[in-house]
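*Asks:* Please find work_7.txt (compact mmCIF, C-alpha atoms) on the next line:
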# COMPACT_ATOMS: atom_id res chain seq x y z
CA THR A 52 59.08 26.13 -29.18
CA HIS A 53 60.13 29.36 -27.48
CA ARG A 54 63.23 29.63 -29.68
CA GLN A 55 61.20 29.11 -32.85
CA TYR A 56 58.80 31.79 -31.65
CA GLN A 57 61.61 34.25 -30.98
CA ARG A 58 62.95 33.77 -34.50
CA LEU A 59 59.65 34.91 -36.02
CA PRO A 60 59.73 38.45 -37.44
CA LEU A 61 58.50 41.04 -34.95
CA PRO A 62 55.20 41.82 -36.76
CA TRP A 63 54.35 38.10 -36.72
CA ARG A 64 55.06 37.82 -33.01
CA GLN A 65 52.90 40.87 -32.37
CA ALA A 66 50.09 39.40 -34.46
CA GLU A 67 50.27 36.14 -32.53
CA ARG A 68 50.14 37.97 -29.21
CA GLN A 69 47.03 39.83 -30.36
CA LEU A 70 45.44 36.56 -31.43
CA VAL A 71 46.17 34.83 -28.14
CA ALA A 72 44.68 37.80 -26.31
CA THR A 73 41.54 37.45 -28.40
CA LEU A 74 41.37 33.74 -27.70
CA ALA A 75 41.21 34.44 -23.98
CA LEU A 76 37.78 36.01 -24.23
CA PRO A 77 35.50 33.51 -22.48
CA ARG A 78 32.75 33.47 -25.09
CA LEU A 79 35.00 33.35 -28.11
CA LEU A 80 36.30 30.23 -29.81
CA LYS A 81 39.04 30.53 -32.37
CA THR A 82 39.54 27.20 -34.05
CA ARG A 83 42.95 27.65 -35.54
CA ALA A 84 45.69 29.92 -34.22
CA LEU A 85 47.78 31.81 -36.72
CA TYR A 86 51.05 30.21 -35.76
CA PHE A 87 52.48 30.93 -39.20
CA ASN A 88 52.71 27.26 -39.94
CA PRO A 89 53.12 27.08 -43.75
CA PRO A 90 50.87 24.56 -45.55
CA GLU A 91 53.97 22.71 -46.75
CA ASN A 92 54.70 21.61 -43.18
CA ARG A 93 51.68 19.34 -43.38
CA LEU A 94 51.33 18.73 -47.11
CA SER A 95 54.86 17.34 -47.36
CA LEU A 96 53.69 14.47 -45.14
CA ILE A 97 50.44 13.74 -47.00
CA PRO A 98 50.58 11.67 -50.21
CA PRO A 99 48.97 13.50 -53.15
CA ALA A 100 47.14 10.29 -54.03
CA LEU A 101 45.44 10.11 -50.63
CA LEU A 102 41.87 10.35 -51.97
CA ARG A 103 42.53 7.63 -54.52
CA ASP A 104 44.23 5.49 -51.88
CA LEU A 105 41.11 5.81 -49.72
CA GLY A 106 38.95 4.66 -52.63
CA TYR A 107 37.54 8.05 -53.63
CA SER A 108 38.12 8.25 -57.37
CA ASP A 109 34.84 7.61 -59.15
CA GLU A 110 32.30 9.40 -56.98
CA THR A 111 31.43 12.78 -55.58
CA THR A 112 33.90 13.39 -52.76
CA LEU A 113 33.33 15.92 -49.98
CA ILE A 114 36.10 17.30 -47.78
CA LEU A 115 35.40 19.24 -44.58
CA ASP A 116 38.00 21.65 -43.17
CA VAL A 117 37.32 22.45 -39.51
CA GLY A 118 38.53 25.89 -38.41
CA CYS A 119 39.59 26.95 -41.90
CA ASN A 120 40.89 30.34 -40.75
CA SER A 121 41.47 32.55 -43.81
CA GLY A 122 41.46 29.62 -46.21
CA GLU A 123 45.08 29.36 -47.31
CA LEU A 124 45.54 25.82 -46.03
CA SER A 125 42.16 24.76 -47.40
CA GLY A 126 43.07 25.87 -50.91
CA ALA A 127 46.57 24.40 -50.71
CA PHE A 128 45.21 21.09 -49.41
CA TYR A 129 42.64 20.89 -52.22
CA LYS A 130 45.26 21.56 -54.90
CA HIS A 131 47.60 19.02 -53.29
CA LEU A 132 44.99 16.26 -53.33
CA VAL A 133 43.21 17.26 -56.54
CA PRO A 134 45.75 18.47 -59.13
CA GLU A 135 44.52 20.73 -61.90
CA GLU A 136 45.09 18.13 -64.60
CA GLN A 137 42.85 15.59 -62.84
CA SER A 138 39.90 14.98 -65.13
CA ASP A 139 37.36 14.34 -62.36
CA ARG A 140 38.28 17.44 -60.34
CA ARG A 141 34.70 18.68 -60.59
CA LYS A 142 33.61 15.76 -58.38
CA VAL A 143 35.67 16.90 -55.38
CA HIS A 144 34.28 19.67 -53.19
CA LEU A 145 35.66 21.23 -50.02
CA LEU A 146 33.70 23.05 -47.32
CA GLY A 147 35.68 25.11 -44.84
CA PHE A 148 34.23 26.82 -41.79
CA ASP A 149 35.46 29.02 -38.99
CA LEU A 150 33.83 30.84 -36.10
CA ASP A 151 35.51 34.13 -37.03
CA GLU A 152 33.39 35.82 -39.68
CA THR A 153 36.21 38.21 -40.59
CA LEU A 154 38.52 35.30 -41.39
CA VAL A 155 35.78 33.59 -43.38
CA GLN A 156 35.21 36.76 -45.40
CA ARG A 157 38.92 36.87 -46.15
CA ALA A 158 38.82 33.21 -47.20
CA GLN A 159 35.94 33.95 -49.56
CA GLU A 160 37.81 36.88 -51.11
CA ILE A 161 40.98 34.91 -51.87
CA ASN A 162 39.24 31.61 -52.72
CA PRO A 163 41.15 30.17 -55.69
CA LEU A 164 38.37 27.77 -56.70
CA PRO A 165 34.93 29.16 -55.76
CA SER A 166 33.17 26.49 -57.82
CA ARG A 167 34.85 23.74 -55.79
CA ILE A 168 35.64 25.34 -52.42
CA THR A 169 33.09 26.98 -50.11
CA PHE A 170 33.65 28.90 -46.87
CA ILE A 171 31.02 29.61 -44.22
CA PRO A 172 30.98 31.03 -40.69
CA LEU A 173 29.99 28.35 -38.18
CA ASP A 174 30.39 27.47 -34.51
CA ILE A 175 30.38 23.68 -34.53
CA THR A 176 30.07 23.55 -30.74
CA LYS A 177 26.54 24.94 -31.15
CA ASP A 178 25.18 23.97 -34.54
CA THR A 179 25.75 21.50 -37.38
CA ASN A 180 22.65 22.25 -39.46
CA GLN A 181 24.63 24.04 -42.17
CA LEU A 182 26.88 21.02 -42.51
CA GLN A 183 23.90 18.73 -42.90
CA ASP A 184 22.44 21.09 -45.51
CA TYR A 185 25.69 21.00 -47.46
CA LEU A 186 25.68 17.20 -47.43
CA SER A 187 22.09 17.14 -48.65
CA GLN A 188 22.88 19.55 -51.48
CA HIS A 189 25.49 17.12 -52.77
CA GLY A 190 23.40 14.02 -52.19
CA CYS A 191 25.73 12.59 -49.56
CA SER A 192 25.15 11.29 -46.05
CA HIS A 193 28.65 12.07 -44.78
CA PHE A 194 31.90 13.84 -45.56
CA HIS A 195 34.43 11.52 -47.07
CA LEU A 196 37.42 13.24 -45.47
CA CYS A 197 37.40 15.64 -42.52
CA LEU A 198 40.44 17.80 -41.75
CA CYS A 199 40.83 18.79 -38.10
CA LEU A 200 44.21 20.49 -38.03
CA ALA A 201 45.46 22.44 -35.02
CA VAL A 202 41.91 22.98 -33.77
CA THR A 203 41.53 20.74 -30.74
CA MET A 204 43.49 22.83 -28.24
CA TRP A 205 41.37 25.94 -28.71
CA VAL A 206 38.13 23.98 -28.33
CA HIS A 207 39.61 22.23 -25.30
CA LEU A 208 40.72 25.46 -23.59
CA ASN A 209 37.45 27.25 -24.22
CA HIS A 210 34.99 24.38 -23.69
CA GLY A 211 36.80 21.94 -21.40
CA ASP A 212 37.23 18.18 -21.61
CA SER A 213 33.59 17.65 -22.53
CA GLY A 214 33.87 20.18 -25.36
CA LEU A 215 36.88 18.41 -26.83
CA LEU A 216 35.23 15.00 -26.70
CA GLN A 217 32.00 16.38 -28.12
CA LEU A 218 33.92 17.88 -31.05
CA LEU A 219 35.56 14.54 -31.84
CA SER A 220 32.23 12.74 -31.56
CA ARG A 221 30.49 15.19 -33.88
CA LEU A 222 33.18 15.05 -36.51
CA SER A 223 33.32 11.27 -36.45
CA SER A 224 29.54 11.01 -36.75
CA MET A 225 29.56 12.83 -40.08
CA SER A 226 32.87 11.66 -41.58
CA GLN A 227 34.13 8.48 -43.18
CA HIS A 228 37.76 9.48 -42.66
CA LEU A 229 39.23 11.96 -40.19
CA LEU A 230 42.70 13.52 -40.48
CA LEU A 231 43.58 14.79 -37.03
CA GLU A 232 46.38 17.06 -35.86
CA ALA A 233 46.02 17.65 -32.13
CA GLN A 234 48.27 20.17 -30.43
CA PRO A 235 50.52 18.56 -27.77
CA TRP A 236 50.27 19.62 -24.13
CA LYS A 237 53.32 21.87 -24.37
CA CYS A 238 51.30 24.12 -26.69
CA TYR A 239 48.68 24.52 -23.96
CA ARG A 240 51.31 25.63 -21.46
CA SER A 241 52.83 27.99 -23.99
CA ALA A 242 49.47 29.60 -24.79
CA ALA A 243 48.68 30.02 -21.10
CA ARG A 244 52.12 31.50 -20.43
CA ARG A 245 51.78 34.05 -23.22
CA LEU A 246 48.36 34.98 -21.94
CA ARG A 247 49.75 35.69 -18.48
CA LYS A 248 52.49 37.86 -20.00
CA LEU A 249 49.73 39.94 -21.56
CA GLY A 250 48.21 40.45 -18.13
CA ARG A 251 45.03 38.60 -19.10
CA SER A 252 43.07 36.12 -17.01
CA ASP A 253 43.69 32.45 -17.69
CA PHE A 254 41.72 30.33 -20.15
CA ASP A 255 38.43 29.30 -18.57
CA HIS A 256 39.21 25.59 -18.33
CA PHE A 257 43.00 25.38 -18.35
CA LYS A 258 43.46 24.55 -14.66
CA THR A 259 40.59 22.05 -14.53
CA LEU A 260 41.43 19.97 -17.61
CA LYS A 261 41.84 16.29 -16.83
CA ILE A 262 42.82 15.36 -20.38
CA GLN A 263 46.51 16.27 -20.43
CA GLY A 264 49.81 14.79 -21.53
CA ASP A 265 49.57 13.05 -24.90
CA VAL A 266 46.39 14.72 -26.13
CA ALA A 267 46.59 12.99 -29.50
CA ASP A 268 46.56 9.61 -27.77
CA HIS A 269 43.57 10.64 -25.64
CA ALA A 270 41.79 11.66 -28.84
CA ARG A 271 42.67 8.35 -30.49
CA GLU A 272 41.33 6.42 -27.51
CA HIS A 273 38.03 8.33 -27.56
CA LEU A 274 37.60 7.91 -31.32
CA GLU A 275 38.28 4.18 -31.18
CA ARG A 276 36.33 3.37 -28.02
CA HIS A 277 33.31 5.61 -28.41
CA CYS A 278 33.06 6.79 -32.01
CA GLY A 279 33.48 3.66 -34.10
CA MET A 280 36.70 4.82 -35.74
CA GLU A 281 40.09 3.17 -36.08
CA LEU A 282 43.54 4.60 -36.61
CA ILE A 283 44.74 3.41 -40.00
CA GLN A 284 47.84 5.52 -40.57
CA SER A 285 50.20 7.99 -38.96
CA PHE A 286 51.89 10.34 -41.40
CA GLY A 287 54.54 11.30 -38.88
CA SER A 288 54.95 14.66 -37.16
CA THR A 289 55.08 18.17 -38.55
CA ALA A 290 57.97 20.56 -37.98
CA TRP A 291 56.01 21.74 -34.93
CA ASP A 292 56.06 18.21 -33.46
CA ARG A 293 52.38 17.50 -34.05
CA LYS A 294 51.24 14.07 -35.19
CA LEU A 295 49.10 13.71 -38.31
CA LEU A 296 46.76 10.77 -37.68
CA LEU A 297 44.28 9.30 -40.15
CA PHE A 298 41.16 7.53 -38.81
CA ARG A 299 38.53 5.51 -40.67
CA LYS A 300 34.95 4.70 -39.78
CA THR A 301 34.66 1.00 -39.00
Is it possible to express this structure as structure tokens?
*Replies:*
Amino acid sequence: THRQYQRLPLPWRQAERQLVATLALPRLLKTRALYFNPPENRLSLIPPALLRDLGYSDETTLILDVGCNSGELSGAFYKHLVPEEQSDRRKVHLLGFDLDETLVQRAQEINPLPSRITFIPLDITKDTNQLQDYLSQHGCSHFHLCLCLAVTMWVHLNHGDSGLLQLLSRLSSMSQHLLLEAQPWKCYRSAARRLRKLGRSDFDHFKTLKIQGDVADHAREHLERHCGMELIQSFGSTAWDRKLLLFRKT
């Protein structure tokens, strides 16, 4: 909210403003805004035994993190789901990707588990070949768990309704389970408002988007009607009022 934003330290607010300005560039997609949302805001809602609960305990397990940014959440999520004392830790691998090569380089530099976690630059709206190569390297046909956290709005604003639906379709086609955190519509309005304050032109598709309101529910409807997935659990909402929804391939 606006009040939460105002309570952020000044350097953080300045960094966010710079990021939003960057996001306005028509050809640029940033998949996760640096809203200074600590990993604990999400991890506190996710049971540490999630992989085991989903039946992934005795096989190679692949996790995909969409829009990994600089990798902090990726590493924290891996450690949350795969504790150090777990004997079969070597069977769980995480691949994170982001469009921003600078952020990916940072993620590679601070990677706490380079033998288990990999980061690559990738624009999923254009190419998925690297993802398919990664699956082949591990002898798998799909990712067992896909994390799509605070990504949908930026794809939606930069690529329109069709871009958002295409993203959901692509992720569902290569994932057995999908953990989705879609930004609510108020985040769209807030991003557009901050952009105007910077004197920048509006997001390319903001005024023409037909998918509005409860974006998470629109995403759920598309995944269930067109992608062969079903909602199996809601882990509640984060401190930023974003639902964490878990889908499974039917």
*Asks:* Quick one, how far is atom CA of A:Cys191 from atom CA of A:Gln227?
*Replies:*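 Separation between atom CA of A:Cys191 and atom CA of A:Gln227: 11.3 Å.
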*Asks:* Counting only C-alpha atoms, what is within 8 Å of A:Gln159, bar same-chain residues fewer than 3 positions away, as an MDAnalysis selection string?
*Replies:* chainID A and resid 122 155:156 162 165 169:170
*Asks:* I want to know what sits within 7 Å of A:Asp253, based on all atoms listed in the file, with residues of the same chain fewer than 3 positions away left out; could you give that as JSON, numbers by chain?
*Replies:* {"A": [243, 246, 247]}
*Asks:* Would you save the residues of that selection, restricted to C-alpha atoms, as a PDB file, in the frame of the given file?
*Replies:*
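Written output follows (selection.pdb):
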ATOM      1  CA  ALA A 243      48.680  30.020 -21.100  1.00  0.00           C
ATOM      2  CA  LEU A 246      48.360  34.980 -21.940  1.00  0.00           C
ATOM      3  CA  ARG A 247      49.750  35.690 -18.480  1.00  0.00           C
TER       4      ARG A 247
END
*Asks:* Could you check the closest approach to A:Asp151 for each of A:Leu102, A:Leu229, A:Leu274, A:Leu173 and tell me which residue wins, using all atoms listed in the file?
*Replies:*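 Comparing A:Leu102, A:Leu229, A:Leu274, A:Leu173 against A:Asp151, the winner is A:Leu173.
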*Asks:* Find the residues near A:His256: any atom within 12 Å, counting only C-alpha atoms, skip ones fewer than 4 places away on the same chain, and give them as an MDAnalysis selection string.
*Replies:* chainID A and resid 75 77 204:215 239 243 252 260:262
*Asks:* How would the residues just chosen look if you wrote them out with C-alpha atoms as a PDB file, in the frame of the given file?
*Replies:*
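Below is the file that was written, part-v7.pdb:
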ATOM      1  CA  ALA A  75      41.210  34.440 -23.980  1.00  0.00           C
ATOM      2  CA  PRO A  77      35.500  33.510 -22.480  1.00  0.00           C
ATOM      3  CA  MET A 204      43.490  22.830 -28.240  1.00  0.00           C
ATOM      4  CA  TRP A 205      41.370  25.940 -28.710  1.00  0.00           C
ATOM      5  CA  VAL A 206      38.130  23.980 -28.330  1.00  0.00           C
ATOM      6  CA  HIS A 207      39.610  22.230 -25.300  1.00  0.00           C
ATOM      7  CA  LEU A 208      40.720  25.460 -23.590  1.00  0.00           C
ATOM      8  CA  ASN A 209      37.450  27.250 -24.220  1.00  0.00           C
ATOM      9  CA  HIS A 210      34.990  24.380 -23.690  1.00  0.00           C
ATOM     10  CA  GLY A 211      36.800  21.940 -21.400  1.00  0.00           C
ATOM     11  CA  ASP A 212      37.230  18.180 -21.610  1.00  0.00           C
ATOM     12  CA  SER A 213      33.590  17.650 -22.530  1.00  0.00           C
ATOM     13  CA  GLY A 214      33.870  20.180 -25.360  1.00  0.00           C
ATOM     14  CA  LEU A 215      36.880  18.410 -26.830  1.00  0.00           C
ATOM     15  CA  TYR A 239      48.680  24.520 -23.960  1.00  0.00           C
ATOM     16  CA  ALA A 243      48.680  30.020 -21.100  1.00  0.00           C
ATOM     17  CA  SER A 252      43.070  36.120 -17.010  1.00  0.00           C
ATOM     18  CA  LEU A 260      41.430  19.970 -17.610  1.00  0.00           C
ATOM     19  CA  LYS A 261      41.840  16.290 -16.830  1.00  0.00           C
ATOM     20  CA  ILE A 262      42.820  15.360 -20.380  1.00  0.00           C
TER      21      ILE A 262
END
*Asks:* Go through A:Leu282, A:Ala127, A:Ile97, A:Leu115 and flag the residue nearest A:Phe148, using all atoms listed in the file for the distances.
*Replies:*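 Residue with the minimum atom-to-atom distance to A:Phe148: A:Leu115.
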*Asks:* For each of A:Leu231, A:Met225, A:Cys199, A:Ile283, take the minimum atom-to-atom distance to A:Asn120, counting all atoms listed in the file, then give the residue where this is smallest.
*Replies:*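 Between A:Leu231, A:Met225, A:Cys199, A:Ile283, the residue approaching A:Asn120 most closely is A:Cys199.
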*Asks:* Give me, please, the distance in Å between atom CA of A:Thr112 and atom CA of A:Pro163, quoted to one decimal.
*Replies:*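 Between these atoms lies a distance of 18.5 Å.
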*Asks:* Could you tell me which of A:Val143, A:Ser224, A:Ser241, A:Leu186 comes closest to A:Thr301 if we count all atoms listed in the file?
*Replies:* A:Ser224
*Asks:* From the set A:Pro134, A:Gly118, A:Pro90, A:Gly126, which residue has the shortest atom-to-atom contact distance to A:Cys197, counting all atoms listed in the file?
*Replies:*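 Ranked by minimum distance to A:Cys197, first place goes to A:Gly118.
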*Asks:* With all atoms listed in the file as the counted atoms, please give the residues lying no more than 12 Å from A:Pro89, apart from itself and same-chain residues fewer than 2 positions off, as a PyMOL selection string.
*Replies:* chain A and resi 85-87+91-95+123-125+127-128+289-291
*Asks:* Could stretch 279-290 of chain A be written out with N, CA and C atoms, as an mmCIF file, in the first residue's frame, please?
*Replies:*
data_model
loop_
_atom_site.group_PDB
_atom_site.id
_atom_site.type_symbol
_atom_site.label_atom_id
_atom_site.label_comp_id
_atom_site.auth_asym_id
_atom_site.auth_seq_id
_atom_site.Cartn_x
_atom_site.Cartn_y
_atom_site.Cartn_z
ATOM 1 N N GLY A 279 -5.368 -27.817 -18.195
ATOM 2 C CA GLY A 279 -5.376 -29.120 -17.542
ATOM 3 C C GLY A 279 -4.796 -29.114 -16.144
ATOM 4 N N MET A 280 -4.985 -28.008 -15.426
ATOM 5 C CA MET A 280 -4.505 -27.942 -14.047
ATOM 6 C C MET A 280 -5.687 -27.718 -13.114
ATOM 7 N N GLU A 281 -5.494 -28.074 -11.852
ATOM 8 C CA GLU A 281 -6.532 -27.848 -10.843
ATOM 9 C C GLU A 281 -5.916 -27.222 -9.607
ATOM 10 N N LEU A 282 -6.668 -26.333 -8.992
ATOM 11 C CA LEU A 282 -6.224 -25.719 -7.743
ATOM 12 C C LEU A 282 -6.380 -26.730 -6.622
ATOM 13 N N ILE A 283 -5.284 -27.042 -5.943
ATOM 14 C CA ILE A 283 -5.364 -28.044 -4.876
ATOM 15 C C ILE A 283 -5.164 -27.443 -3.493
ATOM 16 N N GLN A 284 -4.608 -26.228 -3.424
ATOM 17 C CA GLN A 284 -4.435 -25.629 -2.107
ATOM 18 C C GLN A 284 -4.156 -24.135 -2.220
ATOM 19 N N SER A 285 -4.707 -23.390 -1.280
ATOM 20 C CA SER A 285 -4.363 -21.982 -1.110
ATOM 21 C C SER A 285 -3.644 -21.851 0.221
ATOM 22 N N PHE A 286 -2.467 -21.266 0.186
ATOM 23 C CA PHE A 286 -1.676 -21.111 1.403
ATOM 24 C C PHE A 286 -1.955 -19.780 2.100
ATOM 25 N N GLY A 287 -3.021 -19.112 1.696
ATOM 26 C CA GLY A 287 -3.348 -17.833 2.289
ATOM 27 C C GLY A 287 -2.717 -16.694 1.514
ATOM 28 N N SER A 288 -2.630 -15.535 2.146
ATOM 29 C CA SER A 288 -2.103 -14.340 1.485
ATOM 30 C C SER A 288 -0.878 -13.834 2.215
ATOM 31 N N THR A 289 0.049 -13.269 1.458
ATOM 32 C CA THR A 289 1.254 -12.702 2.037
ATOM 33 C C THR A 289 0.922 -11.381 2.728
ATOM 34 N N ALA A 290 1.923 -10.799 3.358
ATOM 35 C CA ALA A 290 1.749 -9.505 4.023
ATOM 36 C C ALA A 290 1.390 -8.413 3.023
#
